[in-house]
Amino acid sequence: MIDRLLAPPASRNCLDLRALQAIDPVPDRLSRELGAARRHADGVLAGQFAAGSDIRDLVQARAWVIEQLVLTAWQALIPASAALELIAVGGFGRGEMHPHSDTDLLILRPDEEPGPERALEDFVRVLWDADLHPGHGVRTVAECIAAAADDVGVATNLMESRLLHGAGSLFEAMRSATDAPALWPANEFFAAKFEEQQQRHDQHEDTVYNLEPDLKNGPGGLRDVQMIAWVTRRHFGTSTLHGLVEHDFLSEREHEELVESRNRLWAIRWALHEIAGRAEERLLFDYQRKLAARFGFDASDGNAAVEAFMQQYYRTVMRIERLNEQQLQIFEEELLAGRRHLPSYAIDDTFRVTHGYLELVDEQAFVRQPELLLKLFLVLADDEAIRGVRASTIRLIRDHLYLIDDEFRCDPANLDLFLQLLRRERRVYSQLERMNRYGVLAALLPAFGAITGRMQFDLFHVYTVDQHILFVIRNLRRFAYRKYPEAFARAMDVFERIEVPEVLYLGALFHDIAKGRGGDHSELGAEDARDFLARLDMRQEDRDLVVWLVDQHLLMSMTAQRQDISDPAVIDRFARAVGTQRRLEYLYVLTVADIAATRPKLWNSWKDSLLWELFTAATDRLAEGEAALQDRAELAEEIRSGALAELEANGLDRAAAEELFDRLPVDGLVRLDADQLAWSAGCVLERPARPRVACRNLADKGITEVFVHADDFDGLFAITAREFDRMELNVLAARVATTRDGRSWNVFQLMDANGGCMNESDTHRLERALAGQLTSRDIRALPGRPIPRRLRHFLTRSEIVLESQDGLTRLDIATTDRPGLLSAIAEALLAADLRLHDARIATFGQRVEDVFKISDRDGRPLDAERAADLEHRLRDRLDPADARPAPEPTGES
């Protein structure tokens, strides 16, 4: 045998080799003994991992253990006369295996001999039964060559192959042929592997910032390290990453950083395999908390341990991603001729463009002129023909980040360069994103460095804080370019009134910069902004506006989604908090950009219409100055008049409509707008028979409205909520009223499971089903629906607050969203024998914050005993036994 993996120190006491040699070769007995030996070795290696052994020794020891077990089975079952050779490929070939890695094998056979088929079948079955997860193929040398020529993945596997057993002649012939430059020349190999990496990254949304990242295949994962190693091996013929240092492709520091990052991911992968009990490569929520504890993060502080662990993970993969990008760019320059047609020209004495990429003329220029670390990004912003930065200059930037010290950060000339970038007409976001990737932004703003790679352990914030901040700025730039007008037309129109856009960019940069620091992140971020802005050459009124935006960046989203913006008092309070139309316009644009950057598909027509309604109402209120606040009776009359005019225009009887409106109390009228009142009243006038259920789609808002008119009875809301739940409809808002003659007048706004309007078939089905149930008054509860896997890790103890307000009891519920939640709340109200007067529904990712106005059967507020009874019933339905304490309430970001 040749090219054998030597036993590392960590393999000591893993296996008794003499005992292996004495195992009975009967397949069933052999598999049992090998399985027992594997389990013993697993235990020894798990103990060494827990004791802090070097992960490099452990992955090699695991490969050595598997090799001994495979060889034992091979030697026991395959006749010595068989002219076969056993080859390790893939990770097994590299000698790198984790607790549940597959055992990838290639069995080479001579052209003229098929091999002992029964013995090979027994061999593979024994490996399976021993839980060694074999992946195998039986091929001739010619078949290997053909497969390698056709598939770069096969060529890569064979490139890492290692002889385990046999004479070696077939192995040498195979390696000689598949390693030949003619089969996969270095430039073609690189191009194919680069394309392979791009496809792999695309499958993971081309970002390291997934909530449940794949540490093997995702961007910045172990495959990206292997990618560098594969190209190095093919191009330089070296089997170690240090070969890149020897050929001046990596510095010693970069090599150490790459190896340390790989080792970190190896350790996480080892622990993940142990915890999952299988070859799991995804950091699922199921495992993140356990992994955090395994790596020493204090679990006593709620989600902080998970967030700290994941921040370390994200920073690790970000480093790998950056080094991978740098190395592939160097390989591209070295191996491919595709850039050579791109222009090369001098910009000034400091910078030049070489084949489309910017580079520093003098490698010592940063030392003499540290301000060039910022000026470089201005050059990139001003010349759209420049495709990027040359890898050698990227390395110089990273090597000279130490120059961005306190003195640099306080120098007005340097800060003026940063402000100039924010004032550029184009490429602002792309350069800020590049500054973040190279570490310049974190060096310039240490507070930004603290949130780099910081995640929030929930389903609402799907990006790390630094990436979210940059995506907010990207959205603002899209408004400036009028990009995606179908989603942001209103924000784009308001953005055109923004006379100082850099105020918005600075507000975005600081709005979440204090996340994870403890305390109110808005207040802390405002302090950070105030300190930084004091050094910028800006008008004081613009500095004040930035600070105000940071401090109040949640005001508009929280008002729109958590308060009743049909109430003039709510609009009045919001307008007074904003103070001026200029502030309102800046806040509106920032709020839209913020919501849309929180997670994909969070921004929709419903949120667009909700914020616009608040914006226009606040604009009108600000224009009134100190005019008297419109009272509810006046507002109700205005809504009533508008609805009557619309009904008359549609040919309906005015007198009948007025009689109908007289039955609605003022509080019921003001919760509807004139259009909703006219539509719902028209439904009743056209078909007076009860119950009446009608649906209409509001395409401009992306929602469906459902009107329910029936004789009021105990359980009406529960039946309605149950049917919405059964059809998997997402209730956004509810306008619940009871007429003076005891009839329900309820308008619900909802979306289907895809986040849009219901289709025609479903609206008809809902109308028929709900009308039938309201007629039969069937109030049996639906069976509980299973909680999705991802949600189980975010179930928290519900926050339930009951207080008297306006002659009723206000019930506030903040809890984790889940299938059937609204139905469960409705059933609790029914079981407590209470009346529902109003409901407001608000959902923020996985968190729901609902408000209900309720009373006892006589219309009175709940006394202490009944309030306690209701809370008990709600907790019994909403809170799992192991629910954790609720997090602090948050807004969009």
# chains A, B, ... in the order shown; residues from 1 in each chain; ligands from 1
>>> residues_around(residues="Leu34 (chain A)", least_positions_apart="4", cutoff="9 Å", atoms="only C-alpha atoms", output="list in words")
Leu20, Ile23, Arg29, Leu30, Arg38, Arg39, Leu69, Val70, Thr72, Ala73, Val126, Leu127, Asp129, Ala130 and Asp131 of chain A
>>> residues_around(residues="Arg289 (chain A)", least_positions_apart="5", cutoff="9 Å", atoms="only C-alpha atoms", output="PDB file with all heavy atoms, in the first residue's frame")
ATOM      1  N   ARG A 294     -22.483  24.553  23.996  1.00  0.00           N
ATOM      2  CA  ARG A 294     -21.337  23.662  23.811  1.00  0.00           C
ATOM      3  C   ARG A 294     -20.030  24.456  23.678  1.00  0.00           C
ATOM      4  O   ARG A 294     -18.980  24.008  24.111  1.00  0.00           O
ATOM      5  CB  ARG A 294     -21.563  22.801  22.564  1.00  0.00           C
ATOM      6  CG  ARG A 294     -20.454  21.795  22.263  1.00  0.00           C
ATOM      7  CD  ARG A 294     -20.454  20.620  23.214  1.00  0.00           C
ATOM      8  NE  ARG A 294     -21.630  19.793  23.061  1.00  0.00           N
ATOM      9  CZ  ARG A 294     -21.691  18.709  22.270  1.00  0.00           C
ATOM     10  NH1 ARG A 294     -20.631  18.357  21.568  1.00  0.00           N
ATOM     11  NH2 ARG A 294     -22.784  18.000  22.215  1.00  0.00           N
ATOM     12  N   ALA A 299     -25.717  30.569  28.776  1.00  0.00           N
ATOM     13  CA  ALA A 299     -27.111  30.403  28.379  1.00  0.00           C
ATOM     14  C   ALA A 299     -28.080  31.093  29.317  1.00  0.00           C
ATOM     15  O   ALA A 299     -29.289  31.038  29.112  1.00  0.00           O
ATOM     16  CB  ALA A 299     -27.445  28.909  28.303  1.00  0.00           C
ATOM     17  N   ASN A 303     -31.614  35.040  24.817  1.00  0.00           N
ATOM     18  CA  ASN A 303     -31.105  34.773  23.473  1.00  0.00           C
ATOM     19  C   ASN A 303     -29.699  35.296  23.256  1.00  0.00           C
ATOM     20  O   ASN A 303     -29.124  35.079  22.183  1.00  0.00           O
ATOM     21  CB  ASN A 303     -32.036  35.400  22.429  1.00  0.00           C
ATOM     22  CG  ASN A 303     -33.377  34.708  22.364  1.00  0.00           C
ATOM     23  OD1 ASN A 303     -33.506  33.547  22.754  1.00  0.00           O
ATOM     24  ND2 ASN A 303     -34.385  35.411  21.880  1.00  0.00           N
ATOM     25  N   ALA A 305     -26.827  34.424  24.334  1.00  0.00           N
ATOM     26  CA  ALA A 305     -25.807  33.403  24.084  1.00  0.00           C
ATOM     27  C   ALA A 305     -25.857  32.938  22.634  1.00  0.00           C
ATOM     28  O   ALA A 305     -24.815  32.808  21.972  1.00  0.00           O
ATOM     29  CB  ALA A 305     -25.998  32.220  25.030  1.00  0.00           C
ATOM     30  N   VAL A 306     -27.062  32.679  22.133  1.00  0.00           N
ATOM     31  CA  VAL A 306     -27.204  32.241  20.743  1.00  0.00           C
ATOM     32  C   VAL A 306     -26.714  33.330  19.797  1.00  0.00           C
ATOM     33  O   VAL A 306     -25.998  33.061  18.826  1.00  0.00           O
ATOM     34  CB  VAL A 306     -28.673  31.906  20.423  1.00  0.00           C
ATOM     35  CG1 VAL A 306     -28.802  31.372  19.010  1.00  0.00           C
ATOM     36  CG2 VAL A 306     -29.208  30.899  21.408  1.00  0.00           C
ATOM     37  N   PHE A 309     -22.911  33.515  19.826  1.00  0.00           N
ATOM     38  CA  PHE A 309     -22.347  32.379  19.097  1.00  0.00           C
ATOM     39  C   PHE A 309     -22.505  32.568  17.590  1.00  0.00           C
ATOM     40  O   PHE A 309     -21.553  32.372  16.819  1.00  0.00           O
ATOM     41  CB  PHE A 309     -23.024  31.078  19.539  1.00  0.00           C
ATOM     42  CG  PHE A 309     -22.773  29.924  18.617  1.00  0.00           C
ATOM     43  CD1 PHE A 309     -21.540  29.285  18.599  1.00  0.00           C
ATOM     44  CD2 PHE A 309     -23.763  29.472  17.748  1.00  0.00           C
ATOM     45  CE1 PHE A 309     -21.300  28.225  17.735  1.00  0.00           C
ATOM     46  CE2 PHE A 309     -23.533  28.421  16.884  1.00  0.00           C
ATOM     47  CZ  PHE A 309     -22.299  27.795  16.879  1.00  0.00           C
TER      48      PHE A 309
END
>>> closest_residue(among="A:Arg427, A:His872, A:Arg490, A:Arg535", to="Cys410 (chain A)", atoms="only C-alpha atoms")
A:Arg535
>>> residues_around(residues="Ala824 (chain A)", least_positions_apart="4", cutoff="8 Å", atoms="only C-alpha atoms", output="list of chain:residue names")
A:Gly820, A:Ala828, A:Leu874, A:Arg877, A:Leu878
>>> write_last_selection(atoms="N, CA, C and O atoms", output="PDB file, in the first residue's frame")
ATOM      1  N   GLY A 820     -53.563  29.091  13.966  1.00  0.00           N
ATOM      2  CA  GLY A 820     -54.702  28.972  14.866  1.00  0.00           C
ATOM      3  C   GLY A 820     -54.693  29.916  16.046  1.00  0.00           C
ATOM      4  O   GLY A 820     -55.516  29.778  16.957  1.00  0.00           O
ATOM      5  N   ALA A 828     -61.085  31.482  23.865  1.00  0.00           N
ATOM      6  CA  ALA A 828     -60.912  31.840  25.277  1.00  0.00           C
ATOM      7  C   ALA A 828     -61.921  32.911  25.683  1.00  0.00           C
ATOM      8  O   ALA A 828     -62.511  32.854  26.776  1.00  0.00           O
ATOM      9  N   LEU A 874     -56.539  32.225  28.672  1.00  0.00           N
ATOM     10  CA  LEU A 874     -55.650  32.568  27.551  1.00  0.00           C
ATOM     11  C   LEU A 874     -54.313  31.841  27.667  1.00  0.00           C
ATOM     12  O   LEU A 874     -53.811  31.280  26.693  1.00  0.00           O
ATOM     13  N   ARG A 877     -54.329  28.274  26.685  1.00  0.00           N
ATOM     14  CA  ARG A 877     -54.393  28.004  25.247  1.00  0.00           C
ATOM     15  C   ARG A 877     -53.156  28.481  24.493  1.00  0.00           C
ATOM     16  O   ARG A 877     -52.842  27.952  23.430  1.00  0.00           O
ATOM     17  N   LEU A 878     -52.470  29.492  25.008  1.00  0.00           N
ATOM     18  CA  LEU A 878     -51.399  30.141  24.236  1.00  0.00           C
ATOM     19  C   LEU A 878     -49.996  29.744  24.659  1.00  0.00           C
ATOM     20  O   LEU A 878     -49.071  29.757  23.830  1.00  0.00           O
TER      21      LEU A 878
END
>>> closest_residue(among="A:Ala22, A:Ala293, A:Ile386, A:Leu328", to="Leu342 (chain A)", atoms="only C-alpha atoms")
A:Ile386
>>> residues_around(residues="Asp16 (chain A)", least_positions_apart="5", cutoff="10 Å", atoms="only C-alpha atoms", output="PyMOL selection string")
chain A and resi 21+37+41
>>> select_by_dssp(residues="region 184-296 of chain A", states="alpha helix (DSSP H)", output="PyMOL selection string")
chain A and resi 186-203+222-236+242-246+252-276+285-294
>>> residues_around(residues="region 709-723 of chain A", least_positions_apart="4", cutoff="7 Å", atoms="only C-alpha atoms", output="list in words")
Arg690, Pro691, Arg692, Val693, Met727, Gly742, Arg743, Ser744, Trp745, Asn746, Leu770, Leu774, Ile779, Leu782, Leu822, Ser823, Ala826, Glu827 and Leu830 of chain A
>>> write_last_selection(atoms="N, CA, C and O atoms", output="PDB file, in the first residue's frame")
ATOM      1  N   ARG A 690     -80.140  37.681   6.964  1.00  0.00           N
ATOM      2  CA  ARG A 690     -78.941  37.400   7.738  1.00  0.00           C
ATOM      3  C   ARG A 690     -78.807  35.903   7.951  1.00  0.00           C
ATOM      4  O   ARG A 690     -79.827  35.194   8.009  1.00  0.00           O
ATOM      5  N   PRO A 691     -77.606  35.374   8.098  1.00  0.00           N
ATOM      6  CA  PRO A 691     -76.328  36.094   8.064  1.00  0.00           C
ATOM      7  C   PRO A 691     -75.925  36.454   6.634  1.00  0.00           C
ATOM      8  O   PRO A 691     -76.325  35.786   5.687  1.00  0.00           O
ATOM      9  N   ARG A 692     -75.136  37.511   6.536  1.00  0.00           N
ATOM     10  CA  ARG A 692     -74.635  37.977   5.236  1.00  0.00           C
ATOM     11  C   ARG A 692     -73.122  38.017   5.320  1.00  0.00           C
ATOM     12  O   ARG A 692     -72.551  38.696   6.191  1.00  0.00           O
ATOM     13  N   VAL A 693     -72.452  37.285   4.449  1.00  0.00           N
ATOM     14  CA  VAL A 693     -70.993  37.282   4.369  1.00  0.00           C
ATOM     15  C   VAL A 693     -70.609  37.687   2.961  1.00  0.00           C
ATOM     16  O   VAL A 693     -71.105  37.112   1.985  1.00  0.00           O
ATOM     17  N   MET A 727     -58.894  28.099   6.676  1.00  0.00           N
ATOM     18  CA  MET A 727     -58.498  28.402   5.308  1.00  0.00           C
ATOM     19  C   MET A 727     -57.108  29.038   5.242  1.00  0.00           C
ATOM     20  O   MET A 727     -56.691  29.497   4.182  1.00  0.00           O
ATOM     21  N   GLY A 742     -78.671  44.914  18.124  1.00  0.00           N
ATOM     22  CA  GLY A 742     -78.082  43.622  18.452  1.00  0.00           C
ATOM     23  C   GLY A 742     -77.602  42.807  17.269  1.00  0.00           C
ATOM     24  O   GLY A 742     -77.706  41.567  17.285  1.00  0.00           O
ATOM     25  N   ARG A 743     -77.062  43.450  16.269  1.00  0.00           N
ATOM     26  CA  ARG A 743     -76.534  42.729  15.113  1.00  0.00           C
ATOM     27  C   ARG A 743     -75.050  43.059  14.942  1.00  0.00           C
ATOM     28  O   ARG A 743     -74.622  44.182  15.184  1.00  0.00           O
ATOM     29  N   SER A 744     -74.309  42.062  14.514  1.00  0.00           N
ATOM     30  CA  SER A 744     -72.875  42.284  14.289  1.00  0.00           C
ATOM     31  C   SER A 744     -72.678  43.034  12.976  1.00  0.00           C
ATOM     32  O   SER A 744     -73.441  42.870  12.024  1.00  0.00           O
ATOM     33  N   TRP A 745     -71.658  43.869  12.969  1.00  0.00           N
ATOM     34  CA  TRP A 745     -71.280  44.600  11.740  1.00  0.00           C
ATOM     35  C   TRP A 745     -69.750  44.593  11.729  1.00  0.00           C
ATOM     36  O   TRP A 745     -69.111  45.507  12.230  1.00  0.00           O
ATOM     37  N   ASN A 746     -69.194  43.541  11.182  1.00  0.00           N
ATOM     38  CA  ASN A 746     -67.756  43.297  11.308  1.00  0.00           C
ATOM     39  C   ASN A 746     -67.077  43.320   9.941  1.00  0.00           C
ATOM     40  O   ASN A 746     -67.559  42.668   8.994  1.00  0.00           O
ATOM     41  N   LEU A 770     -68.748  30.159   5.826  1.00  0.00           N
ATOM     42  CA  LEU A 770     -68.946  30.979   7.019  1.00  0.00           C
ATOM     43  C   LEU A 770     -70.428  31.292   7.236  1.00  0.00           C
ATOM     44  O   LEU A 770     -70.926  31.248   8.369  1.00  0.00           O
ATOM     45  N   LEU A 774     -72.492  30.287  10.598  1.00  0.00           N
ATOM     46  CA  LEU A 774     -73.168  31.317  11.390  1.00  0.00           C
ATOM     47  C   LEU A 774     -74.661  31.014  11.508  1.00  0.00           C
ATOM     48  O   LEU A 774     -75.302  31.404  12.483  1.00  0.00           O
ATOM     49  N   ILE A 779     -70.203  25.983  17.132  1.00  0.00           N
ATOM     50  CA  ILE A 779     -69.041  26.635  17.746  1.00  0.00           C
ATOM     51  C   ILE A 779     -68.052  25.624  18.309  1.00  0.00           C
ATOM     52  O   ILE A 779     -67.264  25.934  19.187  1.00  0.00           O
ATOM     53  N   LEU A 782     -61.828  23.857  16.588  1.00  0.00           N
ATOM     54  CA  LEU A 782     -60.999  23.063  15.673  1.00  0.00           C
ATOM     55  C   LEU A 782     -59.949  22.314  16.465  1.00  0.00           C
ATOM     56  O   LEU A 782     -59.486  22.776  17.510  1.00  0.00           O
ATOM     57  N   LEU A 822     -55.442  33.288  16.418  1.00  0.00           N
ATOM     58  CA  LEU A 822     -56.625  34.137  16.598  1.00  0.00           C
ATOM     59  C   LEU A 822     -57.831  33.294  17.017  1.00  0.00           C
ATOM     60  O   LEU A 822     -58.637  33.706  17.854  1.00  0.00           O
ATOM     61  N   SER A 823     -57.928  32.099  16.455  1.00  0.00           N
ATOM     62  CA  SER A 823     -59.023  31.212  16.830  1.00  0.00           C
ATOM     63  C   SER A 823     -58.931  30.830  18.304  1.00  0.00           C
ATOM     64  O   SER A 823     -59.945  30.789  19.018  1.00  0.00           O
ATOM     65  N   ALA A 826     -60.103  33.763  20.394  1.00  0.00           N
ATOM     66  CA  ALA A 826     -61.554  33.909  20.309  1.00  0.00           C
ATOM     67  C   ALA A 826     -62.258  32.862  21.165  1.00  0.00           C
ATOM     68  O   ALA A 826     -63.269  33.153  21.827  1.00  0.00           O
ATOM     69  N   GLU A 827     -61.740  31.645  21.179  1.00  0.00           N
ATOM     70  CA  GLU A 827     -62.348  30.585  21.978  1.00  0.00           C
ATOM     71  C   GLU A 827     -62.207  30.869  23.474  1.00  0.00           C
ATOM     72  O   GLU A 827     -63.106  30.550  24.268  1.00  0.00           O
ATOM     73  N   LEU A 830     -64.841  33.368  24.338  1.00  0.00           N
ATOM     74  CA  LEU A 830     -66.143  32.710  24.372  1.00  0.00           C
ATOM     75  C   LEU A 830     -66.308  31.907  25.667  1.00  0.00           C
ATOM     76  O   LEU A 830     -67.351  31.988  26.333  1.00  0.00           O
TER      77      LEU A 830
END
>>> residues_around(residues="Arg543 (chain A)", least_positions_apart="2", cutoff="12 Å", atoms="only C-alpha atoms", output="ChimeraX atom specification")
/A:500,502-504,506-507,526-527,529-541,545-550
>>> write_last_selection(atoms="N, CA, C and O atoms", output="tab-separated table (two decimals), in the first residue's frame")
chain	number	residue	atom	x	y	z
A	500	VAL	N	-31.78	67.02	1.16
A	500	VAL	CA	-30.45	66.64	1.68
A	500	VAL	C	-30.44	65.11	1.89
A	500	VAL	O	-30.62	64.62	3.01
A	502	GLU	N	-28.20	62.90	2.11
A	502	GLU	CA	-27.23	62.32	3.04
A	502	GLU	C	-27.76	62.27	4.47
A	502	GLU	O	-27.29	61.46	5.28
A	503	VAL	N	-28.73	63.11	4.79
A	503	VAL	CA	-29.37	63.04	6.11
A	503	VAL	C	-30.03	61.67	6.28
A	503	VAL	O	-29.93	61.03	7.33
A	504	LEU	N	-30.71	61.22	5.23
A	504	LEU	CA	-31.34	59.89	5.28
A	504	LEU	C	-30.31	58.78	5.40
A	504	LEU	O	-30.49	57.82	6.16
A	506	LEU	N	-27.29	58.87	6.62
A	506	LEU	CA	-26.70	58.87	7.97
A	506	LEU	C	-27.70	58.36	9.00
A	506	LEU	O	-27.34	57.63	9.93
A	507	GLY	N	-28.97	58.74	8.84
A	507	GLY	CA	-29.99	58.21	9.73
A	507	GLY	C	-30.08	56.70	9.65
A	507	GLY	O	-30.18	56.00	10.66
A	526	ALA	N	-28.85	57.34	18.77
A	526	ALA	CA	-28.92	58.79	18.60
A	526	ALA	C	-27.70	59.48	19.23
A	526	ALA	O	-27.17	60.46	18.68
A	527	GLU	N	-27.25	58.97	20.38
A	527	GLU	CA	-26.05	59.52	21.01
A	527	GLU	C	-24.83	59.29	20.12
A	527	GLU	O	-23.98	60.18	19.95
A	529	ALA	N	-24.82	58.94	16.91
A	529	ALA	CA	-24.94	59.82	15.75
A	529	ALA	C	-24.56	61.26	16.11
A	529	ALA	O	-23.85	61.94	15.36
A	530	ARG	N	-25.01	61.71	17.28
A	530	ARG	CA	-24.70	63.08	17.70
A	530	ARG	C	-23.18	63.29	17.81
A	530	ARG	O	-22.64	64.30	17.34
A	531	ASP	N	-22.49	62.32	18.40
A	531	ASP	CA	-21.03	62.43	18.55
A	531	ASP	C	-20.33	62.45	17.20
A	531	ASP	O	-19.39	63.23	16.98
A	532	PHE	N	-20.76	61.59	16.28
A	532	PHE	CA	-20.11	61.51	14.97
A	532	PHE	C	-20.41	62.76	14.14
A	532	PHE	O	-19.51	63.32	13.49
A	533	LEU	N	-21.66	63.21	14.16
A	533	LEU	CA	-22.06	64.33	13.33
A	533	LEU	C	-21.41	65.63	13.77
A	533	LEU	O	-21.23	66.56	12.95
A	534	ALA	N	-21.03	65.71	15.03
A	534	ALA	CA	-20.39	66.94	15.52
A	534	ALA	C	-19.10	67.21	14.77
A	534	ALA	O	-18.62	68.35	14.72
A	535	ARG	N	-18.51	66.16	14.17
A	535	ARG	CA	-17.24	66.33	13.44
A	535	ARG	C	-17.45	66.52	11.94
A	535	ARG	O	-16.48	66.68	11.21
A	536	LEU	N	-18.70	66.46	11.48
A	536	LEU	CA	-18.97	66.60	10.05
A	536	LEU	C	-19.34	68.04	9.70
A	536	LEU	O	-19.97	68.74	10.50
A	537	ASP	N	-18.98	68.44	8.51
A	537	ASP	CA	-19.29	69.79	8.03
A	537	ASP	C	-20.72	69.80	7.48
A	537	ASP	O	-20.95	69.71	6.28
A	538	MET	N	-21.68	69.91	8.39
A	538	MET	CA	-23.09	69.93	8.02
A	538	MET	C	-23.78	71.07	8.76
A	538	MET	O	-23.31	71.52	9.79
A	539	ARG	N	-24.91	71.49	8.22
A	539	ARG	CA	-25.72	72.48	8.92
A	539	ARG	C	-26.25	71.86	10.21
A	539	ARG	O	-26.58	70.67	10.25
A	540	GLN	N	-26.37	72.68	11.23
A	540	GLN	CA	-26.84	72.16	12.52
A	540	GLN	C	-28.25	71.58	12.41
A	540	GLN	O	-28.56	70.56	13.03
A	541	GLU	N	-29.10	72.21	11.60
A	541	GLU	CA	-30.47	71.70	11.48
A	541	GLU	C	-30.48	70.31	10.83
A	541	GLU	O	-31.32	69.46	11.17
A	545	LEU	N	-31.69	66.78	12.56
A	545	LEU	CA	-32.66	65.92	11.91
A	545	LEU	C	-32.17	64.47	11.89
A	545	LEU	O	-32.96	63.53	12.12
A	546	VAL	N	-30.88	64.28	11.63
A	546	VAL	CA	-30.34	62.91	11.66
A	546	VAL	C	-30.54	62.30	13.04
A	546	VAL	O	-31.03	61.16	13.17
A	547	VAL	N	-30.18	63.04	14.08
A	547	VAL	CA	-30.31	62.52	15.45
A	547	VAL	C	-31.77	62.20	15.76
A	547	VAL	O	-32.08	61.15	16.36
A	548	TRP	N	-32.68	63.09	15.35
A	548	TRP	CA	-34.10	62.85	15.60
A	548	TRP	C	-34.57	61.60	14.86
A	548	TRP	O	-35.33	60.78	15.41
A	549	LEU	N	-34.14	61.42	13.63
A	549	LEU	CA	-34.55	60.24	12.85
A	549	LEU	C	-34.10	58.95	13.52
A	549	LEU	O	-34.84	57.97	13.58
A	550	VAL	N	-32.86	58.96	14.01
A	550	VAL	CA	-32.36	57.76	14.68
A	550	VAL	C	-33.17	57.48	15.95
A	550	VAL	O	-33.57	56.35	16.21
>>> select_by_dssp(residues="region 540-726 of chain A", states="strand (DSSP E)", output="count of residues only")
16
>>> residues_around(residues="Leu183 (chain A)", least_positions_apart="6", cutoff="8 Å", atoms="only C-alpha atoms", output="PyMOL selection string")
chain A and resi 148-149+177
>>> closest_residue(among="A:Leu614, A:Val367, A:Leu602, A:Ile107", to="Gly756 (chain A)", atoms="only C-alpha atoms")
A:Leu602
>>> decode(residues="region 312-321 of chain A", atoms="N, CA, C and O atoms", output="short mmCIF file (atom, residue, chain, number, x, y, z; two decimals), in the first residue's frame")
data_model
loop_
_atom_site.label_atom_id
_atom_site.label_comp_id
_atom_site.auth_asym_id
_atom_site.auth_seq_id
_atom_site.Cartn_x
_atom_site.Cartn_y
_atom_site.Cartn_z
N GLN A 312 -20.19 35.15 16.12
CA GLN A 312 -18.86 34.59 15.88
C GLN A 312 -18.85 33.74 14.61
O GLN A 312 -17.91 33.80 13.81
N TYR A 313 -19.92 32.96 14.42
CA TYR A 313 -20.01 32.14 13.20
C TYR A 313 -20.03 33.04 11.96
O TYR A 313 -19.29 32.81 11.00
N TYR A 314 -20.91 34.05 11.95
CA TYR A 314 -21.03 34.91 10.77
C TYR A 314 -19.72 35.63 10.47
O TYR A 314 -19.33 35.79 9.30
N ARG A 315 -19.04 36.07 11.50
CA ARG A 315 -17.76 36.74 11.26
C ARG A 315 -16.74 35.77 10.68
O ARG A 315 -15.90 36.15 9.85
N THR A 316 -16.82 34.51 11.09
CA THR A 316 -15.91 33.50 10.54
C THR A 316 -16.17 33.29 9.05
O THR A 316 -15.24 33.31 8.23
N VAL A 317 -17.44 33.09 8.68
CA VAL A 317 -17.73 32.83 7.27
C VAL A 317 -17.53 34.09 6.43
O VAL A 317 -17.22 34.00 5.24
N MET A 318 -17.72 35.28 7.05
CA MET A 318 -17.42 36.50 6.31
C MET A 318 -15.94 36.58 5.97
O MET A 318 -15.57 36.99 4.86
N ARG A 319 -15.09 36.18 6.91
CA ARG A 319 -13.64 36.19 6.62
C ARG A 319 -13.32 35.22 5.49
O ARG A 319 -12.53 35.53 4.59
N ILE A 320 -13.91 34.03 5.54
CA ILE A 320 -13.66 33.05 4.48
C ILE A 320 -14.18 33.58 3.15
O ILE A 320 -13.50 33.45 2.12
N GLU A 321 -15.36 34.18 3.17
CA GLU A 321 -15.93 34.71 1.93
C GLU A 321 -15.01 35.76 1.32
O GLU A 321 -14.78 35.78 0.10
#
